[in-house]
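Okay, structure first, notes after.
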Amino acid sequence: MSRKTLWILVSLLLVVAMLGAACQQKKAAGPITFGMLLVGPYNDHGWSQAHYDAGKYVETKLAGSKMIYVDKVNPADRPGTTPAQLAEELVAKGATLVVFNSDDMKDSATEFSKAHPDIKVIMASGDQVWKEGKAYVELPNMINIMGRMEYGKMVAGCAAALTSQTGKIGYLGPLINDETRRLTASAYLGAKYCWTKYLGKDAAALSFKVTWIGFWFNIPGVTSDPTQVADDFFNSGYDVVISGIDTTEAVAEAKKLSAAGQKVWAIPYDYVGSCEEGKEICLGVPYFNWGPAYVKTITSAADGSWKSNWQWNAPDWKDINNLDTSAVGFKKGNALSADAASKVDEFIKELAGGLNLWKGPINLQDGSAYLKDGEVGTDQQVWYLPQLLQGMEGQSVPSK
Amino acid sequence: MKNLRWNNFLFQLVAFLLALAFTSLIMVFAGAPPISAYVEILGGAFGSVNSLANVVVVWMPLLLVTSGLLITFTAGLWNIGIEGQITLGAIFTTAALRLLQESSLPPWLIILLAMLAGVAGGALWAVMAGLLKTFGGVNEIFGGLGLNFVATALTLWLIFGPWKRPGTGSMSGTEPFPDTLWLPQLPGLRLSPWSVIFGAAAIYLVYRLLSGTYFGLRLKAIGKNVRAAFLLGVPAWQHSLLAFALCGFFAGLAGALQVTAVYHRLIPSISSGYGFLGLLVAMLVNYQALWAAPVALFFAALNIGSIQLPIMLNLDSSLSGVLQGMLVLFVLLTEGARKRWLQKNG
């Protein structure tokens with residue numbers, strides 16, 4: 001090999017190496033169009049609106065970013081279509097990242113991610129890319145995001161227990177799966193804690209009943225009617241109803257009955273502003289604040305630092321209602337008495353200080369031990385809670 | 001005759017324009033630009049190969065259902081139970097897939113058996129409506145409505161009960177089938193060529209059946225006057241039952257396609273409302289097979305194209321439903337007007 005060829009080879013290698021290094025460097029975050037699939041209407045005062053508002057938040061925080069969306073992505077509202085198909089519509093309109101916002105779209109999100117490796121996917125509430133999870137699939141273009149709503153639900157349960165005069169709390173449940181079992185159980189744990197600790201009452205005197213409607217929101221003719229379920233609770237001695245569904249029927253029904261002279265309260269879910277519909281009976285709302293996580297994740301897609309991961313984001317314990325930092329919050333409602341409010345604050349302080357209600361002894365609904373005395377529940381044990389807990393009334397549909 | 005046809009066409013055109021005008025008026029009141037909305041709908045339906053394929057995915061089951069309805073309409077039967085017949089087709093298909101998916105049979109055979117089961121399910125449900133009418137004296141409209149409710153209840157019970165996903169209680173649907181049990185799709189598209197084959201075959205067969213066979217002629221006779229047909233020696237109730245069964249056959253096939261080619265599982269709204277939409281199409285084309293394909297295409301295109309409304313214009317896509325409803329209303333209205341006009345001037 002002549003000296004000249006050697007030099008040429010060396011310089012070529014150098015150029016390739018430099019190019020490689022340059023590609024490793026972060027791209028500057030450029031303009032990005034992201035698409036969002038919302039399972040309900042964008043203005044449902046619940047789950048979907050919380051996502052929609054987070055998208056708007058991203059637009060203000062990330063220069064040049066733009067959201068396009070399709071709402072009511074469910075087979076009842078959009079017959080003949082699937083979420084993966086609608087995601088492709090968003091991609092055709094320029095989206096390079098798509099948010100699938102519902103557990104109901106899980107299978108479709110996986111299908112879409114496999115078929116479109118060049119498009120980034122955020123699957124909210126999913127566990128597909130949780131390596132230690134039960135449903136792991138390797139999908140480099142997917143990130144799972146969920147907030148630790150267990151805390152929000154504990155606070156909701158606490159507020160309910162501190163307010164209830166009958167000691168009977170109703171839980172308006174959506175469908176039954178891992179997520180809803182653990183959230184409902186968290187509300188019960190919070191209620192039981194405040195009932196015994198702050199009120200000094202006997203845990204056995206607290207009843208906590210779940211009625212599931214069958215889906216995340218009312219589909220006439222398919223699910224049970226949430227208004228009817230709330231009404232049944234209120235008319236059978238349950239004076240506080242905690243909502244676990246995407247929409248605000250519990251608040252509307254409590255407001256109606258309260259106007260007619262009944263002493264009843266409600267706790268909505270998901271969306272920071274959902275107490276507005278019935279301030280006089282609303283004890284507060286545990287809500288998701290998807291904005292900060294979305295900004296972080298969508299930025300990573302724009303600047304090239306994207307890496308598939310599963311996030312279960314905790315509240316910012318310095319201030320759970322800081323909309324720029326906390327993934328989960330609890331906004332107290334007007335109907336919460338001053339005394340109960342101060343106790344709720346104390347409870348939040350305890351949680352921030354490390355109080356963990358997912359600590360044994362905890363028994364499952366069928367009486368079997370789940371967490372031994374002093375045993376702290378792992379993420380897996382909490383996420384995949386197989387049944388409701390002992391002391392709770394309602395259907396479990398146990399998983400193995 | 002030729003004049004009459006032109007006259008008919010003119011009235012239809014007026015109906016279409018009126019429907020368009022009224023929908024536009026609603027949009028203007030809602031503060032939305034009608035022209036851009038129509039452009040978006042068109043682009044969303046025909047703008048790319050992908051969207052066109054999605055339109056065909058809706059078009060084919062709709063065409064199957066409409067084909068079936070043309071038979072029952074010709075026999076003078078209002079087969080409102082069509083929704084239930086699609087649903088039963090889907091239920092039977094799902095049942096067969098669930099039963100056979102663990103077996104050692106080759107996937108193509110499992111799919112074939114499942115689709116045959118679906119066809120049988122649809123036909124069975126339709127014959128039930130027919131039997132109720134023939135031997136129970138229950139008008140097929142009421143019988144069909146009742147059977148629709150039973151079909152829905154059965155679906156919900158199966159999804160939330162025996163067929164629920166492990167550890168889950170949800171109206172979302174049953175566990176999806178593995179893709180080995182999907183009807184093969186065109187590469188990169190959601191469309192199965194089998195859907196197209198079934199849809200095209202159905203409308204062609206029904207067209208031939210109704211316009212070129214004695215059977216079709218007898219059905220027409222029954223449709224015009226059942227008593228007269230009977231007196232002239234047409235076995236009336238047997239033909240009615242057969243018309244039901246044939247319609248159920250096509251509806252069941254549509255349901256089978258919804259499971260094997262679209263959703264790959266059973267969901268509560270598995271019929272996608274194609275039964276009722278098919279009734280509208282059949283009424284719009286005045287029960288003429290020749291026009292069923294283009295009108296069904298138009299409805300399918302509206303369905304898919306309207307997805308653009310929320311994406312591009314922040315409009316609710318139910319506007320396309322308004323247009324559909326207006327269209328049917330105005331076609332029925334102008335049909336009435338045309339008949340009056342004919343009486344006066346004909």
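Chain identifiers are assigned as A, B, and so on, following the order in which chains appear in the structure tokens; residues are numbered from 1 within each chain, and ligands are numbered from 1 in order of appearance.
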Can you check which parts of chain B lie within 8 Å of chain A? Per residue, the shortest pair of atoms and distance in Å to one decimal, counting only C-alpha atoms, sorted by chain and number, as CSV.
```
residue,atom,partner,partner_atom,distance
B:Val58,CA,A:Gly80,CA,6.3
B:Leu156,CA,A:Val222,CA,6.9
B:Phe160,CA,A:Gly214,CA,7.9
B:Pro166,CA,A:Ser399,CA,6.2
B:Gly167,CA,A:Ser399,CA,3.8
B:Thr168,CA,A:Asn177,CA,4.6
B:Gly169,CA,A:Ile176,CA,4.5
B:Ser170,CA,A:Leu175,CA,4.8
B:Met171,CA,A:Gly214,CA,5.3
B:Ser172,CA,A:Asp104,CA,6.6
B:Pro176,CA,A:Asp107,CA,7.9
B:Val262,CA,A:Gly80,CA,7.6
B:Tyr263,CA,A:Thr82,CA,7.4
B:Pro268,CA,A:Val222,CA,7.0
B:Ser269,CA,A:Ala76,CA,6.0
B:Ser272,CA,A:Pro79,CA,4.5
B:Gly273,CA,A:Pro79,CA,7.0
B:Ile307,CA,A:Val70,CA,7.6
B:Pro310,CA,A:Val70,CA,5.9
B:Ile311,CA,A:Tyr69,CA,5.4
B:Met312,CA,A:Ile68,CA,7.8
```
Please provide the set of residues having any atom within 12 Å of Leu186 in chain B, restricted to only C-alpha atoms, with same-chain residues fewer than 5 positions apart removed, written as a count of residues only. 12
All residues 8 Å or closer to range 125-134 of chain A, only C-alpha atoms, same chain fewer than 6 positions away omitted, as a PDB file with N, CA and C atoms, in the first residue's frame:
```
ATOM      1  N   ASN A 101     -53.968   8.177  24.329  1.00  0.00           N
ATOM      2  CA  ASN A 101     -54.224   8.633  25.694  1.00  0.00           C
ATOM      3  C   ASN A 101     -55.017   7.668  26.556  1.00  0.00           C
ATOM      4  N   SER A 102     -55.359   6.492  26.024  1.00  0.00           N
ATOM      5  CA  SER A 102     -56.206   5.632  26.859  1.00  0.00           C
ATOM      6  C   SER A 102     -55.762   4.186  26.896  1.00  0.00           C
ATOM      7  N   ASP A 103     -55.962   3.594  28.050  1.00  0.00           N
ATOM      8  CA  ASP A 103     -55.761   2.164  28.253  1.00  0.00           C
ATOM      9  C   ASP A 103     -56.514   1.370  27.176  1.00  0.00           C
ATOM     10  N   LYS A 106     -54.511   0.363  24.072  1.00  0.00           N
ATOM     11  CA  LYS A 106     -53.226  -0.278  24.318  1.00  0.00           C
ATOM     12  C   LYS A 106     -52.805  -1.214  23.175  1.00  0.00           C
ATOM     13  N   THR A 110     -49.644  -0.632  20.429  1.00  0.00           N
ATOM     14  CA  THR A 110     -48.558  -1.581  20.177  1.00  0.00           C
ATOM     15  C   THR A 110     -48.483  -1.906  18.685  1.00  0.00           C
ATOM     16  N   MET A 142     -41.465   3.671  21.681  1.00  0.00           N
ATOM     17  CA  MET A 142     -42.570   3.947  22.603  1.00  0.00           C
ATOM     18  C   MET A 142     -42.082   4.342  23.993  1.00  0.00           C
ATOM     19  N   ILE A 143     -42.783   5.297  24.597  1.00  0.00           N
ATOM     20  CA  ILE A 143     -42.568   5.648  26.000  1.00  0.00           C
ATOM     21  C   ILE A 143     -43.914   5.557  26.709  1.00  0.00           C
ATOM     22  N   ASN A 144     -43.957   4.913  27.860  1.00  0.00           N
ATOM     23  CA  ASN A 144     -45.169   4.856  28.678  1.00  0.00           C
ATOM     24  C   ASN A 144     -45.099   5.946  29.740  1.00  0.00           C
ATOM     25  N   ILE A 145     -46.196   6.662  29.910  1.00  0.00           N
ATOM     26  CA  ILE A 145     -46.242   7.674  30.967  1.00  0.00           C
ATOM     27  C   ILE A 145     -47.505   7.492  31.802  1.00  0.00           C
ATOM     28  N   MET A 146     -47.327   7.495  33.109  1.00  0.00           N
ATOM     29  CA  MET A 146     -48.476   7.470  34.010  1.00  0.00           C
ATOM     30  C   MET A 146     -48.091   8.259  35.246  1.00  0.00           C
ATOM     31  N   GLY A 147     -49.067   8.880  35.866  1.00  0.00           N
ATOM     32  CA  GLY A 147     -48.798   9.569  37.127  1.00  0.00           C
ATOM     33  C   GLY A 147     -49.122   8.642  38.289  1.00  0.00           C
ATOM     34  N   SER A 308     -36.643   4.790  24.828  1.00  0.00           N
ATOM     35  CA  SER A 308     -37.837   4.111  25.309  1.00  0.00           C
ATOM     36  C   SER A 308     -37.752   3.883  26.818  1.00  0.00           C
ATOM     37  N   ASN A 309     -38.795   4.257  27.550  1.00  0.00           N
ATOM     38  CA  ASN A 309     -38.826   3.993  28.986  1.00  0.00           C
ATOM     39  C   ASN A 309     -40.242   4.050  29.510  1.00  0.00           C
ATOM     40  N   TRP A 310     -40.385   3.543  30.708  1.00  0.00           N
ATOM     41  CA  TRP A 310     -41.691   3.519  31.382  1.00  0.00           C
ATOM     42  C   TRP A 310     -41.629   4.479  32.561  1.00  0.00           C
ATOM     43  N   GLN A 380     -44.376  -3.400  41.244  1.00  0.00           N
ATOM     44  CA  GLN A 380     -45.131  -4.468  40.585  1.00  0.00           C
ATOM     45  C   GLN A 380     -46.349  -4.880  41.396  1.00  0.00           C
TER      46      GLN A 380
END
```
Let me make sure I understand: among B:Trp59, B:Phe149, B:Phe276, B:Trp341, which one has the smallest atom-to-atom distance to Gln258 in chain B if we use only C-alpha atoms?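 Closest to Gln258 in chain B of all the choices is B:Trp59.
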Between CA of Leu69 in chain B and CA of Ala95 in chain B, what is the distance in Å, rounded to a tenth? 25.4 Å
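Distance check against Ala63 in chain A using only C-alpha atoms: of A:Leu336, A:Phe233, A:Pro31, A:Ile245, the minimum falls on A:Pro31.
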Which residue of A:Ala124, A:Ala159, A:Val137, A:Leu357 approaches Val344 in chain A most closely, using only C-alpha atoms: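 Nearest candidate to Val344 in chain A out of A:Ala124, A:Ala159, A:Val137, A:Leu357: A:Ala159.
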Members of range 96-324 of chain A assigned helix (DSSP H, G or I) by DSSP, as number ranges by chain: A: 103-115, 149-163, 178-197, 203-205, 226-234, 249-259, 274-281, 291-303
Who sits within 6 Å of Ile82 in chain B, only C-alpha atoms, same chain under 3 positions skipped, as a short mmCIF file (atom, residue, chain, number, x, y, z; two decimals) with N, CA and C atoms, in the first residue's frame:
```
data_model
loop_
_atom_site.label_atom_id
_atom_site.label_comp_id
_atom_site.auth_asym_id
_atom_site.auth_seq_id
_atom_site.Cartn_x
_atom_site.Cartn_y
_atom_site.Cartn_z
N ASN B 79 -86.54 -5.36 6.91
CA ASN B 79 -85.67 -6.15 7.76
C ASN B 79 -84.85 -5.27 8.72
N GLN B 85 -78.43 -9.16 12.91
CA GLN B 85 -77.89 -10.22 12.04
C GLN B 85 -76.39 -10.03 11.82
N GLY B 275 -75.84 -1.69 9.62
CA GLY B 275 -77.18 -2.19 9.32
C GLY B 275 -78.13 -1.03 9.04
#
```
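Shell of Gly76 in chain B at 12 Å, with only C-alpha atoms counted and residues fewer than 5 places along the chain excluded, is Leu69, Leu70, Ile71, Asn139, Glu140, Ile141, Arg218, Leu219, Lys220, Ala221, Ile222, Gly223, Lys224, Asn225, Val226, Ala236, Trp237, His239, Ser240, Leu241, Ala243, Phe244 and Tyr287 of chain B.
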Preceding selection exported with C-alpha atoms as a PDB file, in the first residue's frame:
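Produced file part-v6.pdb, reproduced below:
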```
ATOM      1  CA  LEU B  69     -81.434  -5.605   2.248  1.00  0.00           C
ATOM      2  CA  LEU B  70     -82.224  -5.227  -1.449  1.00  0.00           C
ATOM      3  CA  ILE B  71     -83.507  -8.814  -1.373  1.00  0.00           C
ATOM      4  CA  ASN B 139     -94.457  -7.825  12.142  1.00  0.00           C
ATOM      5  CA  GLU B 140     -90.834  -8.073  10.999  1.00  0.00           C
ATOM      6  CA  ILE B 141     -90.132  -4.502  12.120  1.00  0.00           C
ATOM      7  CA  ARG B 218     -91.457 -14.023  -7.633  1.00  0.00           C
ATOM      8  CA  LEU B 219     -89.956 -11.922  -4.846  1.00  0.00           C
ATOM      9  CA  LYS B 220     -91.114  -8.805  -6.680  1.00  0.00           C
ATOM     10  CA  ALA B 221     -94.579 -10.267  -7.012  1.00  0.00           C
ATOM     11  CA  ILE B 222     -94.674 -10.958  -3.289  1.00  0.00           C
ATOM     12  CA  GLY B 223     -93.350  -7.503  -2.596  1.00  0.00           C
ATOM     13  CA  LYS B 224     -96.069  -5.854  -4.658  1.00  0.00           C
ATOM     14  CA  ASN B 225     -98.937  -7.933  -3.356  1.00  0.00           C
ATOM     15  CA  VAL B 226     -98.425 -10.971  -1.240  1.00  0.00           C
ATOM     16  CA  ALA B 236     -95.239 -16.859  -0.562  1.00  0.00           C
ATOM     17  CA  TRP B 237     -94.092 -17.598   2.980  1.00  0.00           C
ATOM     18  CA  HIS B 239     -90.015 -17.159  -0.448  1.00  0.00           C
ATOM     19  CA  SER B 240     -90.204 -14.628   2.381  1.00  0.00           C
ATOM     20  CA  LEU B 241     -88.218 -16.919   4.634  1.00  0.00           C
ATOM     21  CA  ALA B 243     -85.351 -13.740   1.381  1.00  0.00           C
ATOM     22  CA  PHE B 244     -84.701 -13.339   5.115  1.00  0.00           C
ATOM     23  CA  TYR B 287     -84.124  -0.406  -3.945  1.00  0.00           C
TER      24      TYR B 287
END
```
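Our summary of the geometry notes that CA of Trp47 in chain A is positioned 22.5 Å from CA of Trp317 in chain A.
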All residues 6 Å or closer to Met154 in chain A, only C-alpha atoms, same chain fewer than 4 positions away omitted, as JSON, numbers by chain: {"A": [186, 187, 190]}
I'd like the contact shell of Ala30 in chain B - 10 Å cut-off, only C-alpha atoms, skipping same-chain residues fewer than 5 positions apart - returned as a ChimeraX atom specification. /B:24-25,315
Go ahead and dump the residues you just picked, C-alpha atoms, as a tab-separated table (two decimals), in the first residue's frame.
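So selection.tsv came out as:
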```tsv
chain	number	residue	atom	x	y	z
B	24	SER	CA	-73.74	24.29	4.99
B	25	LEU	CA	-76.24	26.53	6.69
B	315	LEU	CA	-65.08	20.72	14.00
```
So that I can check the secondary structure, give me every residue of range 29-58 of chain A assigned strand (DSSP E) by backbone DSSP, as a compact mmCIF listing (two decimals) with all heavy atoms, in the first residue's frame.
```txt
# COMPACT_ATOMS: atom_id res chain seq x y z
N THR A 33 -44.43 18.57 15.24
CA THR A 33 -45.88 18.45 15.28
C THR A 33 -46.20 17.13 15.96
O THR A 33 -45.70 16.09 15.54
CB THR A 33 -46.46 18.47 13.86
OG1 THR A 33 -46.11 19.70 13.24
CG2 THR A 33 -47.97 18.34 13.88
N PHE A 34 -46.97 17.21 17.02
CA PHE A 34 -47.35 15.96 17.69
C PHE A 34 -48.86 15.77 17.62
O PHE A 34 -49.63 16.72 17.64
CB PHE A 34 -46.84 15.91 19.14
CG PHE A 34 -47.37 17.00 20.03
CD1 PHE A 34 -48.47 16.75 20.85
CD2 PHE A 34 -46.79 18.25 20.06
CE1 PHE A 34 -48.96 17.75 21.69
CE2 PHE A 34 -47.27 19.25 20.89
CZ PHE A 34 -48.36 19.01 21.70
N GLY A 35 -49.23 14.51 17.48
CA GLY A 35 -50.65 14.19 17.37
C GLY A 35 -51.16 13.62 18.67
O GLY A 35 -50.40 13.04 19.44
N MET A 36 -52.44 13.80 18.94
CA MET A 36 -53.00 13.24 20.16
C MET A 36 -54.31 12.53 19.85
O MET A 36 -55.17 13.08 19.16
CB MET A 36 -53.20 14.33 21.19
CG MET A 36 -53.05 13.81 22.60
SD MET A 36 -53.28 15.04 23.86
CE MET A 36 -51.63 15.63 24.15
N LEU A 37 -54.44 11.31 20.32
CA LEU A 37 -55.69 10.57 20.21
C LEU A 37 -56.36 10.59 21.57
O LEU A 37 -55.81 10.08 22.54
CB LEU A 37 -55.43 9.12 19.79
CG LEU A 37 -54.80 8.90 18.42
CD1 LEU A 37 -54.51 7.41 18.22
CD2 LEU A 37 -55.70 9.40 17.32
```
Proximity to Ile159 in chain B - best of B:Gln324, B:Thr174, B:Ser211, B:Gln288, only C-alpha atoms: B:Thr174
Would you mind telling me which residue in A:Tyr171, A:Tyr188, A:Phe112, A:Trp290 lies nearest to Ala203 in chain A when using only C-alpha atoms?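 So, comparing all the options, the nearest one is A:Tyr188.
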Pick the closest to Val206 in chain B from B:Ile41, B:Ala151, B:Ile26, B:Ala293: which is it, counting only C-alpha atoms?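 Ranking B:Ile41, B:Ala151, B:Ile26, B:Ala293 by distance to Val206 in chain B, first place goes to B:Ala293.
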